[in-house]
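Trainee: Quick one: the structure is below, and I'll ask about it shortly.
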Amino acid sequence: MMQSHHSYFICGNFMTSGEDKRTQAIEPRLAVDIGGLRLCNPVMTASGTFGYGEEYAPFVDLNRLGAVIVKGLSLEPRAGNPPPRLAETPCGMLNAIGLQNIGVRAFVEQKLPFLKDFTTAVIANIFGETLDEYEKVAEILTAAGGVAALEVNISCPNVKKGGIAFGADPEMAAEVTGRVKQSTNLPVIMKLSPNVTDISAIAESVEAAGADAVSLINTLTGMSVDVERRKPHLYNMTGGLSGPAVKPVALRMVWQVASRVQIPVIGLGGIMTANDALEFLIVGAKAVQVGTANFVDPRATMKILDGMTHYLRKHKLSDISELIGTLGRL
Amino acid sequence: MMQSHHSYFICGNFMTSGEDKRTQAIEPRLAVDIGGLRLCNPVMTASGTFGYGEEYAPFVDLNRLGAVIVKGLSLEPRAGNPPPRLAETPCGMLNAIGLQNIGVRAFVEQKLPFLKDFTTAVIANIFGETLDEYEKVAEILTAAGGVAALEVNISCPNVKKGGIAFGADPEMAAEVTGRVKQSTNLPVIMKLSPNVTDISAIAESVEAAGADAVSLINTLTGMSVDVERRKPHLYNMTGGLSGPAVKPVALRMVWQVASRVQIPVIGLGGIMTANDALEFLIVGAKAVQVGTANFVDPRATMKILDGMTHYLRKHKLSDISELIGTLGRL
Amino acid sequence: MHIFPMSIAGKILVNSKVVNEHFLMRIELSPAFPQALPGQFVMIRDSAAQAPLLSRPMSIYAFERNRDSAFLEIFYRVAGEGTRNFSLFQSDHKVQILGPLGKGFTVDADCRRAILISGGIGISPLTFLAAHLEERRKNVPLEITAYVGARSADFLAGLERLAAHCSDIRICTDDGSTGYRGTVTDLFARDLPGYDAKDSRIYTCGPEGMMKRLAEVLRGHPLPCQVSVEERMACGLGACLGCAVPVRTDSGDVAYRRVCKDGPVFDISAMVWSF
Amino acid sequence: MHIFPMSIAGKILVNSKVVNEHFLMRIELSPAFPQALPGQFVMIRDSAAQAPLLSRPMSIYAFERNRDSAFLEIFYRVAGEGTRNFSLFQSDHKVQILGPLGKGFTVDADCRRAILISGGIGISPLTFLAAHLEERRKNVPLEITAYVGARSADFLAGLERLAAHCSDIRICTDDGSTGYRGTVTDLFARDLPGYDAKDSRIYTCGPEGMMKRLAEVLRGHPLPCQVSVEERMACGLGACLGCAVPVRTDSGDVAYRRVCKDGPVFDISAMVWSF
Ligand SMILES: Cc1cc2nc3c(=O)[nH]c(=O)nc-3n(C[C@H](O)[C@H](O)[C@H](O)COP(=O)(O)OP(=O)(O)OC[C@H]3O[C@@H](n4cnc5c(N)ncnc54)[C@H](O)[C@@H]3O)c2cc1C
Ligand SMILES: Cc1cc2nc3c(=O)[nH]c(=O)nc-3n(C[C@H](O)[C@H](O)[C@H](O)COP(=O)(O)OP(=O)(O)OC[C@H]3O[C@@H](n4cnc5c(N)ncnc54)[C@H](O)[C@@H]3O)c2cc1C
Ligand SMILES: Cc1cc2nc3c(=O)[nH]c(=O)nc-3n(C[C@H](O)[C@H](O)[C@H](O)COP(=O)(O)O)c2cc1C
Ligand SMILES: Cc1cc2nc3c(=O)[nH]c(=O)nc-3n(C[C@H](O)[C@H](O)[C@H](O)COP(=O)(O)O)c2cc1C
Ligand code: FES
Ligand code: FES
């Protein structure tokens with residue numbers, strides 16, 4: 001295992017409203033440390049919902065984001081699934097993109113330079129069909145420079161084990177963790193699948209295998225059918241459910257995992273507003289990711305950040321860490 | 001294992017609109033057979049959402065329902081959880097009722113007589129903290145007469161195994177199935193928990209153990225937090241998520257399970273409209289249950305039934321069985 | 001005589017802000033809607049919208065019926081998402097009403113003085129009760145005394161209509177901006193010795209803190225008191241068991257009772273407050 | 001010159017039914033909204049409501065801007081939940097607009113005849129294009145010929161405005177209730193030999209079946225044809241990859257291209273239809 005790499009980021013200048021300028025002296029501190037990864041603030045964008053950053057640049061000051069987590073990268077480019085890839089569901093959506101991506105090398109050459117211009121932490125989300133692929137992708141990104149951490153998607157099928165997801169089994173999840181950890185000196189965030197009986201067991205397993213942090217949840221597997229044509233809405237039959245609908249499940253899982261591991265927990269799943277983000281912090285998440293909300297409002301991340309700052313001020317908290325894991329009982 | 005018991009029900013007289021009277025000659029057939037349990041139609045009410053039937057009698061012609069599945073029954077009465085027991089979520093709700101019920105004996109004496117006056121099939125949902133309790137409850141209900149089938153809730157914790165849910169493990173699920181099967185000659189429907197890695201494996205396991213049918217899904221475990229007070233909305237911390245939000249997950253699980261077992265699959269989870277119910281049939285469910293929808297509209301079951309009949313007529317299907325499992329591919 | 005609730009569509013005639021975040025909504029319904037009794041409530045939702053999912057419980061503020069229509073009024077404050085949506089409904093907007101629900105206030109034959117103790121939006125069911133009592137007063141000697149509390153004068157919503165039905169009304173504000181400076185329970189506690197337990201009856205509804213204090217004041221006191229309580233609801237008609245609260249039964253045990261079906265009105269001495 | 005899309009609030013000025021389930025919505029926006037080009041679209045949602053979750057893509061039917069305001073029009077049919085909600089919005093209702101999005105139609109300098117082949121609601125982007133071409137016609141000799149198809153006369157929505165911009169317009173109905181009896185592609189196929197590939201350009205938008213038939217008719221033919229296609233969308237701005245469709249690239253390979261960013265306008269010969 002390589003020595004962990006500490007990164008420090010110059011936090012983007014975030015002047016918000018005139019009102020905030022008056023109180024700048026007591027501006028709440030939002031910086032968080034995620035397993036050696038120091039972020040300006042706990043708001044990141046979720047993989048697959050923010051491209052490689054460019055498309056949102058007209059709407060969002062990327063410098064204000066704690067981190068941008070890019071679309072999942074594999075060793076070779078992947079075309080993805082045939083359409084239709086999307087279906088709307090009650091308070092949610094299904095996606096069956098099929099992990100389309102330009103491949104890690106093309107990312108490093110074509111997309112990373114744009115992101116490196118910003119102060120936001122660039123986190124590369126990676127995946128593979130085999131353990132070897134995870135390793136190689138990790139190596140290439142580590143060598144590239146400019147990547148602050150790796151987020152490892154283990155919700156994809158292990159083709160060598162009959163297609164069962166890497167993240168479905170504590171041993172497989174630990175194996176992926178170990179392989180990635182030995183391929184990089186960057187902080188490694190293991191992104192957990194919610195489609196399991198005991199997500200805390202998976203979390204403990206990856207922690208024991210050296211994960212620097214965990215992020216949860218990835219999408220819940222779901223389905224939607226067109227009753228008039230008696231066909232699925234998605235070409236792939238099933239897809240990943242995200243959005244407000246999944247928030248209660250995500251929140252419960254973050255709460256459970258946070259009570260079982262020592263490493264930082266990053267929470268995501270249905271975060272649309274600052275209040276949603278705060279729920280996750282209160283149950284124990286150190287940071288949050290915003291995904292589907294970007295589709296509803298390209299400026300969602302900025303509003304969430306402002307709202308979280310407003311909350312801290314209103315509740316006279318000087319540091320976001322004072323909020324984390326402070327859930328009381330009734 | 002006692003000899004299986006066949007029941008036949010006189011279907012309630014369901015005159016709908018005048019329009020339907022004209023076409024009565026070609027009225028679509030809705031009767032279904034669920035593991036020896038013959039129902040007038042595939043619409044049932046989900047346990048815990050319809051009490052013991054009385055409260056909905058002013059709104060719904062109970063004779064028109066395929067079945068009423070009563071609130072879960074345990075051996076001894078249970079008080080349930082302290083309030084708050086409910087929280088609304090995006091397109092859903094969390095409940096932490098705590099399986100409050102009057103106990104199986106009181107049910108037989110005080111509630112069953114009312115239900116027996118109707119032609120609808122009365123299905124008793126049962127649960128226990130130990131395997132012995134499941135058996136005893138099953139015996140009492142079998143001896144009572146008037147109960148058409150047992151639906152076995154295995155989403156509750158096995159106190160003898162540290163509180164892990166019976167339905168989380170294929171072996172435990174099979175054990176419960178076996179015990180109930182040997183305690184009754186009534187059809188046994190095993191109700192599966194969705195909070196598992198592989199629900200099809202649980203389904204196969206209970207099928208092998210003798211289940212006459214499976215019903216899925218029970219609620220997804222979730223949580224909701226009041227950010228102003230930094231407390232959970234539920235006294236119990238976590239609760240069961242139901243309603244439209246869960247439908248995509250429920251549908252996917254029904255589709256997967258239906259392709260893996262031979263026994264009938266009963267689908268539920270977020271069914272609000274006839275279209276929703278039809279989605280479940282198309283992916284392979286033989287019947288459906290309507291739960292949370294009853295809170296939104298006490299007449300939901302009747303509207304769903306009417307809508308399903310309308311669909312069959314529109315698509316010139318003479319029997320509901322022509323629809324089951326007819327999902328095509330894109 | 002058991003009245004069954006109905007689920008029917010209603011048309012909004014009036015939906016106007018009264019003061020601060022308080023609104024009055026007047027709804028026209030079919031005359032088939034059963035006669036509502038004071039203390040009963042309805043579950044209300046937007047006919048068209050699917051979100052928010054659950055209907056919201058609202059006390060019946062007023063109810064009248066003629067041969068052609070029934071008219072239902074609710075008096076509500078904007079608390080969260082559901083009530084914020086309600087406040088934006090225009091005239092002619094369709095709402096779905098489930099009701100009348102619950103066990104309302106009971107007025108026994110021996111009652112000669114009704115003492116209404118109101119806090120916050122509790123003024124709604126107590127106003128309906130006061131109107132009912134005012135009718136009764138035509139046939140039976142009856143004093144209707146109301147205690148109304150609020151944080152300050154600005155928050156005293158609905159006072160006028162309640163006062164119109166009462167013999168006398170005593171106002172309390174926490175900040176003394178009008179009336180007695182202090183809580184309704186303080187003022188009532190001072191007046192308590194003057195009331196005759198044989199023919200006086202208390203009816204109360206308000207924030208939980210206020211009702212707990214009142215329960216303390218009345219502990220062991222023979223003066224009967226009925227309280228209307230709140231709890232989150234899903235079905236509103238007794239099936240889901242979501243609204244259960246702990247209540248001391250006649251046998252002395254504590255058991256869960258459904259606010260929507262066994263309540264919302266209970267004997268205050270039976271309530272098991274989370275002290 | 002790259003125009004960045006904006007996400008801004010708009011106020012509905014007009015939202016009226018044109019014919020059958022077809023509506024015209026006119027929205028007032030800030031004049032900061034970029035000049036929209038024919039073939040571009042917007043993602044539109046109700047400012048206030050959270051459901052349905054996703055914004056709906058709508059072609060830009062018309063766009064004008066002055067110093068004080070910009071005015072955007074969409075022409076839509078009620079298909080499902082989202083559009084049904086849209087059809088109920090009143091004047092002054094606030095909507096959120098993300099746009100202008102996508103690569104619109106390109107008109108090259110050599111174009112002397114624009115042939116617009118329209119089916120169904122495809123008439124919307126083609127009408128905006130026709131208005132644009134009518135402007136161009138002031139400076140350049142340009143014939144604008146439109147073929148408009150519908151099931152029957154009752155379904156010919158939006159014809160008047162399109163016709164106003166065109167040199168000539170040829171109507172087709174499946175049932176022959178007006179115009180040519182048959183499909184637009186049949187009629188166009190008959191006229192095809194009369195068009196000069198050097199200076200004629202085809203622009204088309206309509207149901208998938210119509211566009212596939214047109215692609216067949218034009219297979220191997222030198223006449224250039226641009227098609228505006230549809231696919232389900234979530235982000236509308238190129239990030240989620242949800243709207244990807246298979247397209248034949250210059251190298252001859254088939255690759256996925258985003259309808260919202262790389263399209264919605266593509267060369268018809270590049271489309272890989274699921275035959
Ligand atoms: C029997 C009864 C009678 C009531 N009468 C009135 C009345 O006349 N006027 C009035 O203004 N309010 C009344 N309330 C309270 C009213 O129901 C809540 O203020 C309202 O439900 C809040 O909904 P919301 O969507 O605005 O708030 P949210 O906080 O968004 O609601 C979220 C969920 O919690 C529930 N909830 C939140 N607060 C309460 C509460 N205090 N009581 C019960 N459920 C709650 C909601 O119904 C909803 O299911 C009554 C409550 C009950 C139980
Ligand atoms: C670039 C583009 C331009 C369009 N321009 C117009 C226009 O000018 N006028 C018009 O009437 N329609 C137009 N459409 C189609 C329009 O977006 C759909 O009819 C609309 O999204 C249906 O939404 P709904 O909620 O009413 O239907 P639902 O069936 O309830 O929608 C469910 C989901 O599927 C999506 N969806 C359903 N049908 C389509 C479709 N045909 N295309 C894309 N997404 C769909 C919806 O956006 C939503 O996310 C355009 C589509 C695209 C992609
Ligand atoms: C269109 C889409 C694409 C996604 N792609 C990825 C991906 O490539 N890798 C990954 O780990 N998660 C991916 N996700 C999952 C999200 O990162 C996130 O875990 C999930 O959507 C829940 O968060 P949300 O509800 O805020 O969207 C994707 C989600 C969506 C909607
Ligand atoms: C208030 C409430 C109480 C419930 N009680 C039970 C129960 O006692 N036993 C059981 O097996 N399921 C119970 N359920 C689960 C439902 O039967 C059903 O599985 C779930 O709610 C999903 O269906 P729905 O979305 O249609 O409500 C309950 C659900 C709710 C909302
Ligand atoms: S709200 Fe369902 S029992 Fe009271
Ligand atoms: S809709 Fe997201 S990439 Fe096109």
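Letters for chains follow the order of the structure tokens (A, B, ...), residue numbers begin at 1 for each chain, and ligand numbers begin at 1 in the order shown.
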May I ask you to write as number ranges by chain all residues lying at most 6 Å from ligand 4, with only C-alpha atoms and all ligand atoms counted?
Mentor: B: 46-49, 71-72, 95, 99, 153, 217-219, 242-243, 268-271, 290-292; C: 240
Trainee: May I have the residues of chain D within 12 Å of chain C, counting only C-alpha atoms, written as JSON, numbers by chain?
Mentor: {"D": [48, 49, 50, 51, 52, 53, 81, 84, 85, 88]}
Trainee: Restrict the calculation to only C-alpha atoms and all ligand atoms, then for each residue of chain B with any atom at most 12 Å from an atom of ligand 1 give the closest atom pair and their distance in Å to one decimal, rows by chain and rising residue number, as a Markdown table.
Mentor:
| residue | atom | partner | partner_atom_place_in_ligand_line | distance |
| --- | --- | --- | --- | --- |
| B:Pro83 | CA | ligand 1 | 43 (C) | 11.6 |
| B:Pro84 | CA | ligand 1 | 44 (N) | 9.8 |
| B:Arg85 | CA | ligand 1 | 34 (O) | 10.7 |
| B:Leu86 | CA | ligand 1 | 49 (O) | 7.6 |
| B:Ala87 | CA | ligand 1 | 33 (C) | 6.0 |
| B:Glu88 | CA | ligand 1 | 49 (O) | 5.3 |
| B:Thr89 | CA | ligand 1 | 32 (C) | 8.3 |
| B:Pro90 | CA | ligand 1 | 32 (C) | 10.4 |
| B:Cys91 | CA | ligand 1 | 49 (O) | 11.6 |
| B:Gly92 | CA | ligand 1 | 49 (O) | 10.3 |
| B:Met93 | CA | ligand 1 | 49 (O) | 8.5 |
| B:Leu94 | CA | ligand 1 | 49 (O) | 10.3 |
| B:Asn95 | CA | ligand 1 | 49 (O) | 11.3 |
| B:Ser224 | CA | ligand 1 | 32 (C) | 11.0 |
| B:Val225 | CA | ligand 1 | 29 (O) | 11.5 |
| B:Asp226 | CA | ligand 1 | 29 (O) | 9.4 |
| B:Val227 | CA | ligand 1 | 29 (O) | 11.6 |
| B:Glu228 | CA | ligand 1 | 29 (O) | 11.5 |
| B:His233 | CA | ligand 1 | 34 (O) | 9.0 |
| B:Leu234 | CA | ligand 1 | 34 (O) | 11.0 |
| B:Phe295 | CA | ligand 1 | 49 (O) | 11.2 |
| B:Val296 | CA | ligand 1 | 49 (O) | 11.4 |
Trainee: Between A:Glu27, A:Asp169, A:Glu54, A:Glu322, which residue has the minimum interatomic distance to A:Pro157, considering only C-alpha atoms?
Mentor: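 That would be A:Asp169, the residue with the smallest distance to A:Pro157.
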Trainee: Using only C-alpha atoms, which chain B residues lie at most 8 Å away from chain A, written as a PyMOL selection string?
Mentor: chain B and resi 89-92+168+195-198+220-227+230-232+234-235+237-238+241+244-246+248-253+275+278-279+282+326-330
Trainee: Kindly compile the residues surrounding ligand 2 within 7 Å, counting only C-alpha atoms and all ligand atoms, and format them as an NGL selection string.
Mentor: (:A and (87-88)) or (:D and (41 or 54-61 or 74-84 or 121-122 or 124-125 or 229-234 or 259-260 or 264))
Trainee: Please, could you write that set of residues out with N, CA, C and O atoms as a compact mmCIF listing (two decimals), in the first residue's frame?
Mentor:
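See out15.txt below for the written result:
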# COMPACT_ATOMS: atom_id res chain seq x y z
N ALA A 87 -36.24 6.48 -17.76
CA ALA A 87 -37.68 6.41 -17.50
C ALA A 87 -37.95 7.19 -16.22
O ALA A 87 -37.22 7.06 -15.25
N GLU A 88 -38.97 8.00 -16.27
CA GLU A 88 -39.33 8.74 -15.07
C GLU A 88 -40.22 7.86 -14.20
O GLU A 88 -41.00 7.06 -14.72
N PHE D 41 -34.14 23.60 -28.83
CA PHE D 41 -35.27 23.31 -27.97
C PHE D 41 -35.00 23.84 -26.57
O PHE D 41 -33.91 24.37 -26.30
N LEU D 54 -38.80 15.36 -13.87
CA LEU D 54 -37.96 15.83 -14.97
C LEU D 54 -38.63 16.92 -15.80
O LEU D 54 -39.84 16.92 -15.99
N SER D 55 -37.81 17.82 -16.29
CA SER D 55 -38.30 18.83 -17.23
C SER D 55 -38.63 18.13 -18.55
O SER D 55 -38.13 17.04 -18.82
N ARG D 56 -39.49 18.75 -19.34
CA ARG D 56 -39.88 18.17 -20.63
C ARG D 56 -39.22 18.95 -21.78
O ARG D 56 -39.22 20.19 -21.78
N PRO D 57 -38.67 18.24 -22.77
CA PRO D 57 -38.08 18.94 -23.92
C PRO D 57 -39.18 19.42 -24.88
O PRO D 57 -40.12 18.67 -25.18
N MET D 58 -39.06 20.65 -25.34
CA MET D 58 -40.01 21.24 -26.28
C MET D 58 -39.24 22.06 -27.31
O MET D 58 -38.39 22.88 -26.93
N SER D 59 -39.55 21.85 -28.56
CA SER D 59 -38.91 22.62 -29.63
C SER D 59 -39.30 24.09 -29.49
O SER D 59 -40.38 24.41 -29.00
N ILE D 60 -38.44 24.94 -29.96
CA ILE D 60 -38.76 26.36 -29.96
C ILE D 60 -39.57 26.64 -31.22
O ILE D 60 -39.09 26.45 -32.35
N TYR D 61 -40.78 27.06 -31.05
CA TYR D 61 -41.75 27.30 -32.13
C TYR D 61 -41.57 28.71 -32.71
O TYR D 61 -41.71 28.94 -33.90
N ILE D 74 -43.92 27.74 -27.52
CA ILE D 74 -43.86 26.31 -27.80
C ILE D 74 -45.23 25.85 -28.28
O ILE D 74 -46.26 26.44 -27.93
N PHE D 75 -45.22 24.82 -29.08
CA PHE D 75 -46.44 24.26 -29.65
C PHE D 75 -46.42 22.79 -29.27
O PHE D 75 -45.52 22.06 -29.69
N TYR D 76 -47.35 22.38 -28.42
CA TYR D 76 -47.23 21.04 -27.87
C TYR D 76 -48.55 20.31 -27.86
O TYR D 76 -49.63 20.91 -27.85
N ARG D 77 -48.45 19.01 -27.86
CA ARG D 77 -49.67 18.20 -27.73
C ARG D 77 -49.63 17.50 -26.37
O ARG D 77 -48.55 17.22 -25.84
N VAL D 78 -50.82 17.26 -25.85
CA VAL D 78 -50.91 16.58 -24.56
C VAL D 78 -50.65 15.09 -24.79
O VAL D 78 -51.43 14.41 -25.45
N ALA D 79 -49.52 14.62 -24.26
CA ALA D 79 -49.14 13.22 -24.45
C ALA D 79 -49.34 12.42 -23.17
O ALA D 79 -49.95 11.36 -23.18
N GLY D 80 -48.80 12.95 -22.06
CA GLY D 80 -48.86 12.24 -20.80
C GLY D 80 -48.96 13.23 -19.65
O GLY D 80 -49.49 14.33 -19.81
N GLU D 81 -48.42 12.84 -18.51
CA GLU D 81 -48.60 13.61 -17.28
C GLU D 81 -48.06 15.04 -17.36
O GLU D 81 -48.74 15.99 -16.99
N GLY D 82 -46.84 15.18 -17.84
CA GLY D 82 -46.20 16.49 -17.88
C GLY D 82 -46.95 17.47 -18.75
O GLY D 82 -47.27 18.59 -18.33
N THR D 83 -47.24 17.04 -19.98
CA THR D 83 -47.92 17.94 -20.91
C THR D 83 -49.37 18.18 -20.50
O THR D 83 -49.93 19.24 -20.78
N ARG D 84 -49.95 17.21 -19.83
CA ARG D 84 -51.31 17.41 -19.34
C ARG D 84 -51.31 18.54 -18.30
O ARG D 84 -52.16 19.43 -18.32
N ILE D 121 -46.25 16.76 -34.56
CA ILE D 121 -45.79 17.95 -33.84
C ILE D 121 -44.43 18.42 -34.34
O ILE D 121 -43.91 19.44 -33.89
N GLY D 122 -43.89 17.72 -35.34
CA GLY D 122 -42.66 18.16 -35.99
C GLY D 122 -42.86 19.51 -36.66
O GLY D 122 -41.90 20.20 -36.99
N SER D 124 -43.59 22.10 -35.38
CA SER D 124 -43.12 23.19 -34.53
C SER D 124 -41.72 23.68 -34.90
O SER D 124 -41.55 24.85 -35.26
N PRO D 125 -40.69 22.83 -34.82
CA PRO D 125 -39.37 23.34 -35.18
C PRO D 125 -39.29 23.78 -36.64
O PRO D 125 -38.56 24.71 -36.97
N VAL D 229 -34.56 14.71 -34.28
CA VAL D 229 -35.06 13.50 -33.65
C VAL D 229 -35.39 13.73 -32.18
O VAL D 229 -35.06 14.76 -31.59
N GLU D 230 -36.05 12.73 -31.59
CA GLU D 230 -36.47 12.80 -30.19
C GLU D 230 -35.92 11.62 -29.41
O GLU D 230 -35.75 10.53 -29.96
N GLU D 231 -35.63 11.86 -28.16
CA GLU D 231 -35.32 10.76 -27.25
C GLU D 231 -35.58 11.28 -25.84
O GLU D 231 -35.55 12.50 -25.62
N ARG D 232 -35.83 10.38 -24.90
CA ARG D 232 -36.10 10.79 -23.53
C ARG D 232 -34.88 11.51 -22.96
O ARG D 232 -33.75 11.15 -23.23
N MET D 233 -35.18 12.52 -22.14
CA MET D 233 -34.10 13.35 -21.61
C MET D 233 -34.22 13.54 -20.11
O MET D 233 -35.31 13.57 -19.55
N ALA D 234 -33.09 13.69 -19.46
CA ALA D 234 -33.08 14.05 -18.05
C ALA D 234 -32.45 15.43 -17.89
O ALA D 234 -33.11 16.37 -17.47
N VAL D 259 -28.80 13.39 -28.24
CA VAL D 259 -29.80 14.16 -28.97
C VAL D 259 -29.84 15.59 -28.43
O VAL D 259 -30.02 16.53 -29.20
N CYS D 260 -29.60 15.78 -27.15
CA CYS D 260 -29.73 17.13 -26.55
C CYS D 260 -28.54 18.02 -26.85
O CYS D 260 -28.64 19.24 -26.76
N PRO D 264 -30.53 18.17 -31.52
CA PRO D 264 -31.39 17.10 -32.05
C PRO D 264 -31.37 16.96 -33.57
O PRO D 264 -31.97 16.03 -34.10
Trainee: Quick check for you: according to DSSP on this backbone, which residues of stretch 231-268 of chain D are classed as strand (DSSP E or B)? Reply as a tab-separated table (two decimals) with C-alpha atoms, in the first residue's frame.
Mentor:
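Dumped to selection_25.tsv:
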chain	number	residue	atom	x	y	z
D	244	ALA	CA	-27.98	8.88	-26.65
D	245	VAL	CA	-29.00	7.40	-30.01
D	246	PRO	CA	-26.90	5.37	-32.46
D	247	VAL	CA	-25.48	7.48	-35.30
D	248	ARG	CA	-23.10	6.64	-38.12
D	254	VAL	CA	-21.77	3.57	-35.31
D	255	ALA	CA	-21.49	5.57	-32.10
D	256	TYR	CA	-23.88	7.03	-29.60
D	257	ARG	CA	-24.61	10.72	-29.94
D	258	ARG	CA	-26.57	12.86	-27.48
D	264	PRO	CA	-31.39	17.10	-32.05
D	265	VAL	CA	-30.61	17.81	-35.67
D	266	PHE	CA	-28.60	15.18	-37.53
D	267	ASP	CA	-27.91	14.24	-41.09
Trainee: Kindly indicate which residue among A:Glu207, A:Glu129, A:Glu55, A:Glu151 lies nearest to ligand 3, using only C-alpha atoms and all ligand atoms for the distances.
Mentor: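 Ranked by minimum distance to ligand 3, first place goes to A:Glu151.
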Trainee: Need the shell around C:Lys261: protein/DNA/RNA residues with any atom at most 9 Å away, counting only C-alpha atoms. Skip same-chain ones fewer than 5 positions apart. Format as a list in words?
Mentor: Leu101, Gly102, Lys103, Gly236, Leu237, Gly238 and Ala239 of chain C
Trainee: DSSP on the backbone, alpha helix (DSSP H) only: what residues of stretch 69-207 of chain B does that give? Format it as a PyMOL selection string.
Mentor: chain B and resi 104-106+112-116+131-144+170-181+199-207
